[in-house]
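Peer 1: First the structure, which I've put down as C-alpha cells, then a few questions once you've had a look.
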Amino acid sequence: MAASKPSLRVLVKADSNSKRYTLERETQTQVSEFEDRVVHINRCAKVVKGGRRFSFSALVVVGNKKGKIGVGLGKAKEVSEAIRKGTEAAQHSLIDVVVLDGTIPHDIEVKFGATHMLLMPAAPGTGVIAGSAARAVLELAGVRNILTKIHGSSNPNTVVHACIEGLTSQKNQKDCATLRGMNA
C-alpha cells in the first residue's frame, strides 16, 4: 500500500443561467516511495454530563523498505484524522538503519521502558519471525530475515520504539573498523 499525498485544487464554476457559483474539489494523488502501516489504534473515552466522548490515537510506522524508517503517534476525535496525523509525524521522524543482505549485521539486545527485545540475524529464507508491532517496523525497514524475542511488556508503543532503538544502535563492519583505526 503506497502512501499518497492528495493535493487539493478548488475550481470555481459559474453557472451560465444563474448567478450561482459552485465549488468543485479536484484531488490529484502523488505516489510516494514510502509505505505506511497502522500498528495500533487506541480508543479513549471521557465521561461527561451528556454521555461519553471518544478520542483516538493511532501508532503509525512509515518506511521505504530500503533502510529508512519512521514512527509517529497521531491523536484526534476521528480515526482517519488520527491516522493522517500519525503518518505525517512518522514522515518527519525518518531515520536510516543498517540492513546487510536482508538482515542485520549482529545480535542486538535492547531495553526500552519495560520491554526487553532481542534481535538476531537469520539465514536467507527464514523470513521475519516477530510479533505484529515489531514485524511492521522490520518489514518497512527492509529486513527480510530476522529472529526476534520480546520479554517483559508487549505494549505496541514500547515494542516499536525498542525495535527502532535496536536498529539504530547497530554498527556495520566499516563503522567498527574506523572506530578501531583499521582498514575495512
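In the C-alpha cells, the first chain shown is A, the next is B, and so on; residue numbers restart at 1 for each chain, and ligands run from 1 in the order shown.
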For the alpha helix (DSSP H) assignment from backbone DSSP, which residues of segment 29-178 of chain A qualify? Please present them as an NGL selection string.

Peer 2: :A and (79-92 or 132-141 or 156-169 or 173-178)

Peer 1: Go ahead and save the residues from that selection, with C-alpha atoms, as a PDB file, in the first residue's frame.

Peer 2:
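out_7.pdb, freshly written:
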ATOM      1  CA  VAL A  79      -9.816   7.530  13.487  1.00  0.00           C
ATOM      2  CA  SER A  80      -8.959   8.691   9.960  1.00  0.00           C
ATOM      3  CA  GLU A  81      -7.680  12.039  11.223  1.00  0.00           C
ATOM      4  CA  ALA A  82      -5.548  10.304  13.879  1.00  0.00           C
ATOM      5  CA  ILE A  83      -4.023   8.031  11.217  1.00  0.00           C
ATOM      6  CA  ARG A  84      -3.270  11.025   8.968  1.00  0.00           C
ATOM      7  CA  LYS A  85      -1.587  12.891  11.829  1.00  0.00           C
ATOM      8  CA  GLY A  86       0.407   9.791  12.785  1.00  0.00           C
ATOM      9  CA  THR A  87       1.580   9.343   9.183  1.00  0.00           C
ATOM     10  CA  GLU A  88       2.737  12.965   8.994  1.00  0.00           C
ATOM     11  CA  ALA A  89       4.583  12.650  12.308  1.00  0.00           C
ATOM     12  CA  ALA A  90       6.252   9.443  11.105  1.00  0.00           C
ATOM     13  CA  GLN A  91       7.406  11.071   7.859  1.00  0.00           C
ATOM     14  CA  HIS A  92       9.007  13.898   9.857  1.00  0.00           C
ATOM     15  CA  SER A 132       2.859  -7.749  14.781  1.00  0.00           C
ATOM     16  CA  ALA A 133       4.348  -4.477  16.084  1.00  0.00           C
ATOM     17  CA  ALA A 134       7.977  -5.487  15.513  1.00  0.00           C
ATOM     18  CA  ARG A 135       7.083  -7.088  12.152  1.00  0.00           C
ATOM     19  CA  ALA A 136       5.708  -3.785  10.837  1.00  0.00           C
ATOM     20  CA  VAL A 137       8.920  -1.945  11.730  1.00  0.00           C
ATOM     21  CA  LEU A 138      11.261  -4.620  10.388  1.00  0.00           C
ATOM     22  CA  GLU A 139       9.443  -5.202   7.092  1.00  0.00           C
ATOM     23  CA  LEU A 140       9.193  -1.475   6.337  1.00  0.00           C
ATOM     24  CA  ALA A 141      12.895  -1.072   7.151  1.00  0.00           C
ATOM     25  CA  PRO A 156       2.877  -1.992  20.822  1.00  0.00           C
ATOM     26  CA  ASN A 157       4.171   1.518  21.544  1.00  0.00           C
ATOM     27  CA  THR A 158       7.194   0.340  23.545  1.00  0.00           C
ATOM     28  CA  VAL A 159       7.857  -2.594  21.190  1.00  0.00           C
ATOM     29  CA  VAL A 160       8.005  -0.271  18.156  1.00  0.00           C
ATOM     30  CA  HIS A 161      10.325   2.175  19.913  1.00  0.00           C
ATOM     31  CA  ALA A 162      12.539  -0.655  21.223  1.00  0.00           C
ATOM     32  CA  CYS A 163      12.819  -2.107  17.728  1.00  0.00           C
ATOM     33  CA  ILE A 164      13.771   1.255  16.220  1.00  0.00           C
ATOM     34  CA  GLU A 165      16.284   1.905  19.016  1.00  0.00           C
ATOM     35  CA  GLY A 166      17.832  -1.511  18.359  1.00  0.00           C
ATOM     36  CA  LEU A 167      18.065  -0.951  14.613  1.00  0.00           C
ATOM     37  CA  THR A 168      19.706   2.452  15.074  1.00  0.00           C
ATOM     38  CA  SER A 169      22.189   1.207  17.697  1.00  0.00           C
ATOM     39  CA  GLN A 173      31.760  -3.614   9.774  1.00  0.00           C
ATOM     40  CA  LYS A 174      33.098  -0.374   8.277  1.00  0.00           C
ATOM     41  CA  ASP A 175      31.988   1.713  11.285  1.00  0.00           C
ATOM     42  CA  CYS A 176      33.674  -0.655  13.741  1.00  0.00           C
ATOM     43  CA  ALA A 177      36.882  -0.696  11.701  1.00  0.00           C
ATOM     44  CA  THR A 178      37.096   3.100  11.564  1.00  0.00           C
TER      45      THR A 178
END

Peer 1: Could you state the separation of atom CA of Lys77 of chain A and atom CA of Ala45 of chain A in Å, given to one decimal place?

Peer 2: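 That distance, rounded to one decimal, is 10.4 Å.
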
Peer 1: Write out as a VMD selection string the residues lying within 10 Å of Ala122 of chain A, counting only C-alpha atoms and excluding same-chain residues fewer than 4 positions away.

Peer 2: chain A and resid 102 to 107 126 to 129 144 to 148
